[in-house]
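> One file is attached below, query.pdb, containing PDB, C-alpha atoms (C1' of nucleotides).
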ATOM      1  CA  MET A 162      11.685   9.245 -10.753
ATOM      2  CA  ARG A 163       9.763  10.454  -7.768
ATOM      3  CA  THR A 164      10.929   8.618  -4.668
ATOM      4  CA  ASN A 165       8.112   7.483  -2.479
ATOM      5  CA  THR A 166       9.278   7.336   1.118
ATOM      6  CA  ASP A 167       5.913   6.345   2.503
ATOM      7  CA  PRO A 168       6.203   3.155   4.581
ATOM      8  CA  PHE A 169       2.517   2.426   4.013
ATOM      9  CA  HIS A 170       3.178   2.337   0.324
ATOM     10  CA  ALA A 171       6.216   0.138   0.854
ATOM     11  CA  LEU A 172       4.223  -2.345   2.937
ATOM     12  CA  ALA A 173       1.436  -2.594   0.376
ATOM     13  CA  ASP A 174       3.303  -5.102  -1.751
ATOM     14  CA  PRO A 175       3.121  -8.705  -0.461
ATOM     15  CA  GLY A 176       6.545  -9.466  -1.926
ATOM     16  CA  ARG A 177       8.133  -6.655   0.037
ATOM     17  CA  ARG A 178       6.431  -7.856   3.200
ATOM     18  CA  ALA A 179       7.864 -11.294   2.494
ATOM     19  CA  ILE A 180      11.330  -9.766   2.228
ATOM     20  CA  LEU A 181      10.863  -8.122   5.613
ATOM     21  CA  MET A 182       9.761 -11.431   7.109
ATOM     22  CA  MET A 183      12.917 -12.992   5.736
ATOM     23  CA  LEU A 184      15.046 -10.232   7.251
ATOM     24  CA  SER A 185      13.440 -10.792  10.638
ATOM     25  CA  ARG A 186      15.520 -13.946  10.888
ATOM     26  CA  ASP A 187      18.823 -12.523   9.738
ATOM     27  CA  LYS A 188      20.455  -9.834   7.624
ATOM     28  CA  GLN A 189      20.752 -10.867   3.995
ATOM     29  CA  SER A 190      22.531  -9.762   0.838
ATOM     30  CA  ILE A 191      20.583  -8.780  -2.255
ATOM     31  CA  ASN A 192      21.487 -12.003  -4.047
ATOM     32  CA  THR A 193      20.501 -14.154  -1.106
ATOM     33  CA  ILE A 194      17.142 -12.456  -0.974
ATOM     34  CA  ALA A 195      16.690 -12.883  -4.717
ATOM     35  CA  GLY A 196      17.508 -16.576  -4.365
ATOM     36  CA  ASN A 197      14.441 -17.031  -2.215
ATOM     37  CA  PHE A 198      11.952 -15.521  -4.612
ATOM     38  CA  ASP A 199      10.742 -16.297  -8.104
ATOM     39  CA  ILE A 200      11.417 -12.856  -9.469
ATOM     40  CA  SER A 201      14.636 -11.538 -10.981
ATOM     41  CA  ARG A 202      17.426  -9.899  -9.054
ATOM     42  CA  PRO A 203      16.813  -6.441 -10.579
ATOM     43  CA  ALA A 204      13.215  -6.685  -9.368
ATOM     44  CA  ILE A 205      14.445  -7.456  -5.866
ATOM     45  CA  SER A 206      16.850  -4.571  -6.153
ATOM     46  CA  LYS A 207      13.940  -2.239  -6.797
ATOM     47  CA  HIS A 208      11.956  -3.581  -3.880
ATOM     48  CA  VAL A 209      14.923  -3.198  -1.577
ATOM     49  CA  LYS A 210      15.332   0.376  -2.715
ATOM     50  CA  ILE A 211      11.724   1.142  -1.858
ATOM     51  CA  LEU A 212      11.997  -0.539   1.551
ATOM     52  CA  HIS A 213      15.163   1.438   2.214
ATOM     53  CA  GLU A 214      13.661   4.765   1.237
ATOM     54  CA  ALA A 215      10.668   4.017   3.428
ATOM     55  CA  GLY A 216      12.979   3.563   6.418
ATOM     56  CA  LEU A 217      12.008  -0.067   6.856
ATOM     57  CA  ILE A 218      15.482  -1.469   6.287
ATOM     58  CA  LEU A 219      19.116  -0.454   6.676
ATOM     59  CA  ILE A 220      21.747  -1.306   4.097
ATOM     60  CA  LYS A 221      25.348  -1.959   5.016
ATOM     61  CA  ASP A 222      27.897  -2.332   2.267
ATOM     62  CA  SER A 223      30.522  -5.013   2.653
ATOM     63  CA  GLY A 224      32.800  -5.112  -0.369
ATOM     64  CA  ARG A 225      30.644  -5.704  -3.381
ATOM     65  CA  GLU A 226      27.801  -7.064  -1.299
ATOM     66  CA  ARG A 227      24.997  -5.116   0.339
ATOM     67  CA  TYR A 228      23.501  -6.487   3.504
ATOM     68  CA  CYS A 229      19.926  -5.599   4.380
ATOM     69  CA  GLU A 230      18.547  -5.589   7.889
ATOM     70  CA  LEU A 231      15.373  -4.343   9.495
ATOM     71  CA  ASN A 232      15.133  -0.734  10.617
ATOM     72  CA  LEU A 233      12.800   0.199  13.467
ATOM     73  CA  ASP A 234      12.034   3.699  12.132
ATOM     74  CA  GLY A 235       9.635   2.852   9.338
ATOM     75  CA  PHE A 236       7.769   0.375  11.516
ATOM     76  CA  GLU A 237       7.344   2.939  14.249
ATOM     77  CA  GLU A 238       5.818   5.411  11.846
ATOM     78  CA  VAL A 239       3.148   2.912  10.875
ATOM     79  CA  LYS A 240       2.526   1.794  14.439
ATOM     80  CA  LYS A 241       2.180   5.360  15.572
ATOM     81  CA  TRP A 242      -0.455   6.037  12.971
ATOM     82  CA  LEU A 243      -2.383   2.924  13.931
ATOM     83  CA  ASN A 244      -2.222   3.793  17.613
ATOM     84  CA  PHE A 245      -4.014   7.035  16.861
ATOM     85  CA  PHE A 246      -7.170   5.000  16.426
ATOM     86  CA  ASP A 247      -6.941   3.352  19.814
ATOM     87  CA  LYS A 248      -8.836   6.150  21.483
ATOM     88  CA  PHE A 249     -11.673   5.495  19.050
ATOM     89  CA  TRP A 250     -11.994   1.882  20.179
ATOM     90  CA  LYS A 251     -11.736   2.933  23.796
ATOM     91  CA  THR A 252     -14.586   5.404  23.347
ATOM     92  CA  LYS A 253     -16.627   2.740  21.644
ATOM     93  CA  LEU A 254     -16.071   0.303  24.494
ATOM     94  CA  GLN A 255     -16.895   3.027  26.979
ATOM     95  CA  ASN A 256     -20.171   3.684  25.210
ATOM     96  CA  LEU A 257     -21.006   0.006  25.331
ATOM     97  CA  GLU A 258     -20.219  -0.037  29.022
ATOM     98  CA  ASP A 259     -22.421   2.996  29.621
ATOM     99  CA  LEU A 260     -25.221   1.329  27.742
ATOM    100  CA  LEU A 261     -24.934  -1.808  29.836
ATOM    101  CA  ASN A 262     -24.922   0.211  33.045
ATOM    102  CA  GLN A 263     -28.042   2.002  31.928
ATOM    103  CA  GLN A 264     -29.789  -1.272  31.269
ATOM    104  CA  TYR A 265     -28.915  -2.578  34.724
ATOM    105  CA  LYS A 266     -30.285   0.595  36.234
ATOM    106  CA  SER A 267     -33.654   0.218  34.494
ATOM    107  CA  GLU A 268     -34.119  -3.333  35.756
TER     108      GLU A 268
ATOM    109  CA  MET B 118     -12.567  -6.748 -11.326
ATOM    110  CA  ARG B 119     -10.399  -8.579  -8.870
ATOM    111  CA  THR B 120     -11.290  -7.476  -5.366
ATOM    112  CA  ASN B 121      -8.310  -6.815  -3.213
ATOM    113  CA  THR B 122      -9.158  -7.435   0.418
ATOM    114  CA  ASP B 123      -5.676  -6.705   1.688
ATOM    115  CA  PRO B 124      -5.765  -4.024   4.398
ATOM    116  CA  PHE B 125      -2.127  -3.129   3.679
ATOM    117  CA  HIS B 126      -3.123  -2.301   0.143
ATOM    118  CA  ALA B 127      -6.091  -0.297   1.392
ATOM    119  CA  LEU B 128      -3.897   1.728   3.742
ATOM    120  CA  ALA B 129      -1.355   2.535   1.050
ATOM    121  CA  ASP B 130      -3.393   5.406  -0.331
ATOM    122  CA  PRO B 131      -3.074   8.665   1.658
ATOM    123  CA  GLY B 132      -6.598   9.652   0.689
ATOM    124  CA  ARG B 133      -8.017   6.469   2.163
ATOM    125  CA  ARG B 134      -6.044   7.018   5.339
ATOM    126  CA  ALA B 135      -7.520  10.519   5.489
ATOM    127  CA  ILE B 136     -11.004   9.022   5.226
ATOM    128  CA  LEU B 137     -10.235   6.723   8.141
ATOM    129  CA  MET B 138      -8.991   9.677  10.185
ATOM    130  CA  MET B 139     -12.254  11.439   9.457
ATOM    131  CA  LEU B 140     -14.244   8.401  10.543
ATOM    132  CA  SER B 141     -12.345   8.257  13.820
ATOM    133  CA  ARG B 142     -14.365  11.267  14.912
ATOM    134  CA  ASP B 143     -17.758  10.056  13.798
ATOM    135  CA  LYS B 144     -19.598   7.845  11.352
ATOM    136  CA  GLN B 145     -20.215   9.610   8.045
ATOM    137  CA  SER B 146     -22.268   9.166   4.908
ATOM    138  CA  ILE B 147     -20.618   8.866   1.513
ATOM    139  CA  ASN B 148     -21.666  12.359   0.516
ATOM    140  CA  THR B 149     -20.418  13.886   3.738
ATOM    141  CA  ILE B 150     -17.065  12.239   3.204
ATOM    142  CA  ALA B 151     -16.943  13.436  -0.391
ATOM    143  CA  GLY B 152     -17.718  16.962   0.790
ATOM    144  CA  ASN B 153     -14.462  17.011   2.710
ATOM    145  CA  PHE B 154     -12.197  16.070  -0.164
ATOM    146  CA  ASP B 155     -11.307  17.578  -3.496
ATOM    147  CA  ILE B 156     -12.098  14.483  -5.507
ATOM    148  CA  SER B 157     -15.446  13.476  -6.976
ATOM    149  CA  ARG B 158     -18.064  11.429  -5.172
ATOM    150  CA  PRO B 159     -17.610   8.360  -7.404
ATOM    151  CA  ALA B 160     -13.914   8.388  -6.509
ATOM    152  CA  ILE B 161     -14.839   8.415  -2.822
ATOM    153  CA  SER B 162     -17.273   5.605  -3.502
ATOM    154  CA  LYS B 163     -14.445   3.482  -4.864
ATOM    155  CA  HIS B 164     -12.179   4.225  -1.918
ATOM    156  CA  VAL B 165     -14.955   3.354   0.498
ATOM    157  CA  LYS B 166     -15.482   0.064  -1.291
ATOM    158  CA  ILE B 167     -11.809  -0.799  -0.956
ATOM    159  CA  LEU B 168     -11.775   0.143   2.736
ATOM    160  CA  HIS B 169     -14.861  -1.970   3.264
ATOM    161  CA  GLU B 170     -13.477  -5.029   1.490
ATOM    162  CA  ALA B 171     -10.296  -4.687   3.512
ATOM    163  CA  GLY B 172     -12.311  -4.898   6.720
ATOM    164  CA  LEU B 173     -11.294  -1.415   7.805
ATOM    165  CA  ILE B 174     -14.807   0.020   7.856
ATOM    166  CA  LEU B 175     -18.389  -1.108   8.344
ATOM    167  CA  ILE B 176     -21.239   0.207   6.242
ATOM    168  CA  LYS B 177     -24.727   0.606   7.586
ATOM    169  CA  ASP B 178     -27.515   1.495   5.204
ATOM    170  CA  SER B 179     -30.074   3.987   6.363
ATOM    171  CA  GLY B 180     -32.616   4.667   3.666
ATOM    172  CA  ARG B 181     -30.753   5.899   0.646
ATOM    173  CA  GLU B 182     -27.735   6.847   2.703
ATOM    174  CA  ARG B 183     -24.792   4.654   3.642
ATOM    175  CA  TYR B 184     -23.014   5.368   6.885
ATOM    176  CA  CYS B 185     -19.396   4.371   7.245
ATOM    177  CA  GLU B 186     -17.703   3.680  10.529
ATOM    178  CA  LEU B 187     -14.396   2.165  11.548
ATOM    179  CA  ASN B 188     -14.066  -1.598  11.885
ATOM    180  CA  LEU B 189     -11.499  -3.071  14.254
ATOM    181  CA  ASP B 190     -10.883  -6.202  12.140
ATOM    182  CA  GLY B 191      -8.723  -4.755   9.399
ATOM    183  CA  PHE B 192      -6.679  -2.744  11.872
ATOM    184  CA  GLU B 193      -6.030  -5.803  13.964
ATOM    185  CA  GLU B 194      -4.749  -7.720  10.965
ATOM    186  CA  VAL B 195      -2.159  -5.048  10.295
ATOM    187  CA  LYS B 196      -1.217  -4.668  13.933
ATOM    188  CA  LYS B 197      -0.806  -8.405  14.287
ATOM    189  CA  TRP B 198       1.576  -8.507  11.366
ATOM    190  CA  LEU B 199       3.615  -5.631  12.761
ATOM    191  CA  ASN B 200       3.779  -7.244  16.177
ATOM    192  CA  PHE B 201       5.458 -10.251  14.627
ATOM    193  CA  PHE B 202       8.577  -8.136  14.330
ATOM    194  CA  ASP B 203       8.659  -7.208  17.986
ATOM    195  CA  LYS B 204      10.661 -10.261  18.906
ATOM    196  CA  PHE B 205      13.267  -9.123  16.396
ATOM    197  CA  TRP B 206      13.732  -5.813  18.171
ATOM    198  CA  LYS B 207      13.781  -7.542  21.534
ATOM    199  CA  THR B 208      16.545  -9.863  20.355
ATOM    200  CA  LYS B 209      18.458  -6.905  19.034
ATOM    201  CA  LEU B 210      18.153  -5.070  22.346
ATOM    202  CA  GLN B 211      19.173  -8.218  24.193
ATOM    203  CA  ASN B 212      22.288  -8.479  22.049
ATOM    204  CA  LEU B 213      23.154  -4.886  22.844
ATOM    205  CA  GLU B 214      22.675  -5.592  26.511
ATOM    206  CA  ASP B 215      24.909  -8.653  26.300
ATOM    207  CA  LEU B 216      27.548  -6.589  24.563
ATOM    208  CA  LEU B 217      27.439  -3.942  27.273
ATOM    209  CA  ASN B 218      27.672  -6.564  30.020
ATOM    210  CA  GLN B 219      30.711  -8.046  28.311
ATOM    211  CA  GLN B 220      32.402  -4.652  28.196
ATOM    212  CA  TYR B 221      31.789  -4.079  31.882
ATOM    213  CA  LYS B 222      33.276  -7.475  32.653
ATOM    214  CA  SER B 223      36.503  -6.690  30.787
ATOM    215  CA  GLU B 224      37.045  -3.441  32.706
TER     216      GLU B 224
ATOM    217  C1'  DA C 166     -46.849  11.352  -9.829
ATOM    218  C1'  DT C 167     -42.890  14.361 -10.110
ATOM    219  C1'  DG C 168     -38.699  15.949  -8.942
ATOM    220  C1'  DA C 169     -34.680  16.124  -6.007
ATOM    221  C1'  DT C 170     -31.209  13.537  -3.585
ATOM    222  C1'  DG C 171     -27.775   9.778  -2.330
ATOM    223  C1'  DT C 172     -25.334   6.312  -4.274
ATOM    224  C1'  DG C 173     -23.338   2.564  -7.399
ATOM    225  C1'  DT C 174     -21.351   1.488 -11.771
ATOM    226  C1'  DA C 175     -19.631   1.558 -16.549
ATOM    227  C1'  DA C 176     -16.510   3.451 -19.829
ATOM    228  C1'  DC C 177     -12.751   5.867 -20.369
ATOM    229  C1'  DC C 178      -8.041   8.230 -19.595
ATOM    230  C1'  DC C 179      -3.518   8.909 -17.827
ATOM    231  C1'  DT C 180      -0.025   7.644 -14.426
ATOM    232  C1'  DT C 181       2.214   4.433 -11.532
ATOM    233  C1'  DA C 182       3.768  -0.252 -10.322
ATOM    234  C1'  DG C 183       6.140  -4.226 -11.039
ATOM    235  C1'  DG C 184       8.189  -7.273 -14.031
ATOM    236  C1'  DT C 185      11.692  -8.382 -17.762
ATOM    237  C1'  DT C 186      16.279  -8.253 -20.492
ATOM    238  C1'  DA C 187      20.499  -5.994 -21.575
ATOM    239  C1'  DC C 188      24.001  -3.325 -20.121
ATOM    240  C1'  DT C 189      27.674  -1.302 -16.973
ATOM    241  C1'  DC C 190      30.789  -1.276 -13.281
ATOM    242  C1'  DA C 191      33.372  -2.346  -9.051
ATOM    243  C1'  DA C 192      35.188  -5.939  -6.139
ATOM    244  C1'  DA C 193      36.944 -10.598  -5.559
ATOM    245  C1'  DT C 194      39.563 -14.338  -7.470
ATOM    246  C1'  DA C 195      42.492 -17.122 -10.539
TER     247       DA C 195
ATOM    248  C1'  DT D 136      45.883  -9.236 -15.909
ATOM    249  C1'  DA D 137      41.723 -11.760 -17.113
ATOM    250  C1'  DT D 138      37.568 -13.630 -15.332
ATOM    251  C1'  DT D 139      33.858 -14.225 -12.351
ATOM    252  C1'  DT D 140      30.611 -12.358  -9.219
ATOM    253  C1'  DG D 141      27.326  -8.911  -6.799
ATOM    254  C1'  DA D 142      24.743  -5.303  -7.739
ATOM    255  C1'  DG D 143      22.579  -0.757  -9.901
ATOM    256  C1'  DT D 144      20.238   1.163 -13.827
ATOM    257  C1'  DA D 145      18.042   2.053 -18.336
ATOM    258  C1'  DA D 146      14.592   0.859 -21.605
ATOM    259  C1'  DC D 147      10.737  -1.403 -22.249
ATOM    260  C1'  DC D 148       6.086  -3.864 -21.571
ATOM    261  C1'  DT D 149       1.695  -4.900 -19.416
ATOM    262  C1'  DA D 150      -1.409  -4.545 -15.656
ATOM    263  C1'  DA D 151      -3.307  -2.043 -11.904
ATOM    264  C1'  DG D 152      -4.525   2.435  -9.602
ATOM    265  C1'  DG D 153      -6.984   6.478  -9.225
ATOM    266  C1'  DG D 154      -9.345  10.028 -11.400
ATOM    267  C1'  DT D 155     -13.249  11.756 -14.445
ATOM    268  C1'  DT D 156     -18.024  12.072 -16.716
ATOM    269  C1'  DA D 157     -22.349  10.014 -17.839
ATOM    270  C1'  DC D 158     -25.784   7.163 -16.593
ATOM    271  C1'  DA D 159     -29.123   4.159 -13.773
ATOM    272  C1'  DC D 160     -31.787   3.547  -9.880
ATOM    273  C1'  DA D 161     -33.944   3.638  -5.352
ATOM    274  C1'  DT D 162     -35.522   6.686  -1.693
ATOM    275  C1'  DC D 163     -37.355  10.841   0.111
ATOM    276  C1'  DA D 164     -40.080  15.085  -0.384
ATOM    277  C1'  DT D 165     -43.628  17.827  -2.709
TER     278       DT D 165
END
Could you write out this file's structure as structure tokens?

Amino acid sequence: MRTNTDPFHALADPGRRAILMMLSRDKQSINTIAGNFDISRPAISKHVKILHEAGLILIKDSGRERYCELNLDGFEEVKKWLNFFDKFWKTKLQNLEDLLNQQYKSE
Amino acid sequence: MRTNTDPFHALADPGRRAILMMLSRDKQSINTIAGNFDISRPAISKHVKILHEAGLILIKDSGRERYCELNLDGFEEVKKWLNFFDKFWKTKLQNLEDLLNQQYKSE
DNA sequence: ATGATGTGTAACCCTTAGGTTACTCAAATA
DNA sequence: TATTTGAGTAACCTAAGGGTTACACATCAT
């Protein structure tokens, strides 16, 4: 199986995003997570694996339980990519501003 | 066909992200976009449709051509969701700070 | 009017995604 | 030691994703 470590891919599934929302309150074991969703535990296990590989969560073993918590890394990667576009919006606003200035001048 | 208007889903495909990167420089027609990728024009057409439905791009018809440009809306939706987690990191940092303060006190 | 050009869409194919059940195994508990 | 509990994985199924080619159609150019 090819492991997909792309956080964008990991975030594409609404269920996985819901898991992350849940983890924003507190770290949770696999079973606890599964208890809050309508899908089976193995399905949750798969989702958790994908989130982990994408760097969106950390997993800490405690006996036979595995506790999941949010990991900043994956989030940063996505944020960084999105921030790349900021200069585009800035340019666009600047153009609008220039246009307005021009109009004032011609009055 | 069920239309998926989820920007997270739209961003999951690396090819679509590449299209967005391309559009950050300038607005482009479908054919121009297709010329920059190894996949067929109909494939590009599909990707563009998905990006459009997700609110990530705007499409402006000009004769028989369709010009694509970035749209802030879809990006904002994603950013907003990501920002939700900021308070989690803040809390985590605060806890670290508290821990450090406690250690200083006991010295 | 004719032909070239830009684009959307339908039909199809193969791969990936996401779910299930059944199984295994290690850790906790009686 | 025997049993329960938490979790990973394999095998399988169906649906969705992403690609292709072939076609239709409107717009521009001749």
> Select all residues from chain B having any atom no more than 10 Å from an atom of chain A (counting all atoms listed in the file, ignoring ligands), output as a ChimeraX atom specification.
/B:123-131,134,137-138,140-143,187-189,192-193,195-196,198-206
> Written as a list in words, which residues does the PyMOL selection byres ((chain A) within 12 of (chain D)) give for the file shown?
Ser190, Ile191, Asn192, Thr193, Ala195, Arg202, Pro203, Ala204, Ile205, Ser206, Lys207, Val209, Lys210, Asp222, Ser223, Gly224, Arg225, Glu226, Arg227 and Tyr228 of chain A
> One decimal, Å: what's the distance from C1' of DA187 (chain C) over to CA of Lys221 (chain A), could you say?
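Going from C1' of DA187 (chain C) over to CA of Lys221 (chain A) covers 27.3 Å.
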> What separation in Å, quoted to one decimal, exists between CA of Leu219 (chain A) and CA of Asn197 (chain A)?
19.4 Å
> One decimal, Å: what's the distance from CA of Ala179 (chain A) over to CA of Lys197 (chain B), could you say?
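For CA of Ala179 (chain A) relative to CA of Lys197 (chain B), the distance reads 14.9 Å.
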> Taking the file as I've supplied it (selection: the PyMOL selection byres ((chain C) within 9 of (chain B))), which residues are included? Please answer as a list in words.
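In the shown coordinates, the PyMOL selection byres ((chain C) within 9 of (chain B)) covers DT170, DG171, DT172, DG173 and DT174 of chain C.
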> Compare A:Ile220, A:Leu261, A:Ile211, A:Ile180 by their minimum atom-to-atom distance to Ile194 (chain A), counting all atoms listed in the file, and give me the closest one.
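Among A:Ile220, A:Leu261, A:Ile211, A:Ile180, it is A:Ile180 that comes nearest to Ile194 (chain A).
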> Please expand the PyMOL selection byres ((chain C and resi 184) around 8) into the concrete residues it hits in this file, giving the result as a PyMOL selection string.
(chain A and resi 200+204) or (chain C and resi 183+185)
> Using all atoms listed in the file, which of B:Asp190, B:Leu173, B:Gln145, B:Lys207 sits nearest Arg133 (chain B)?
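Residue with the minimum atom-to-atom distance to Arg133 (chain B): B:Leu173.
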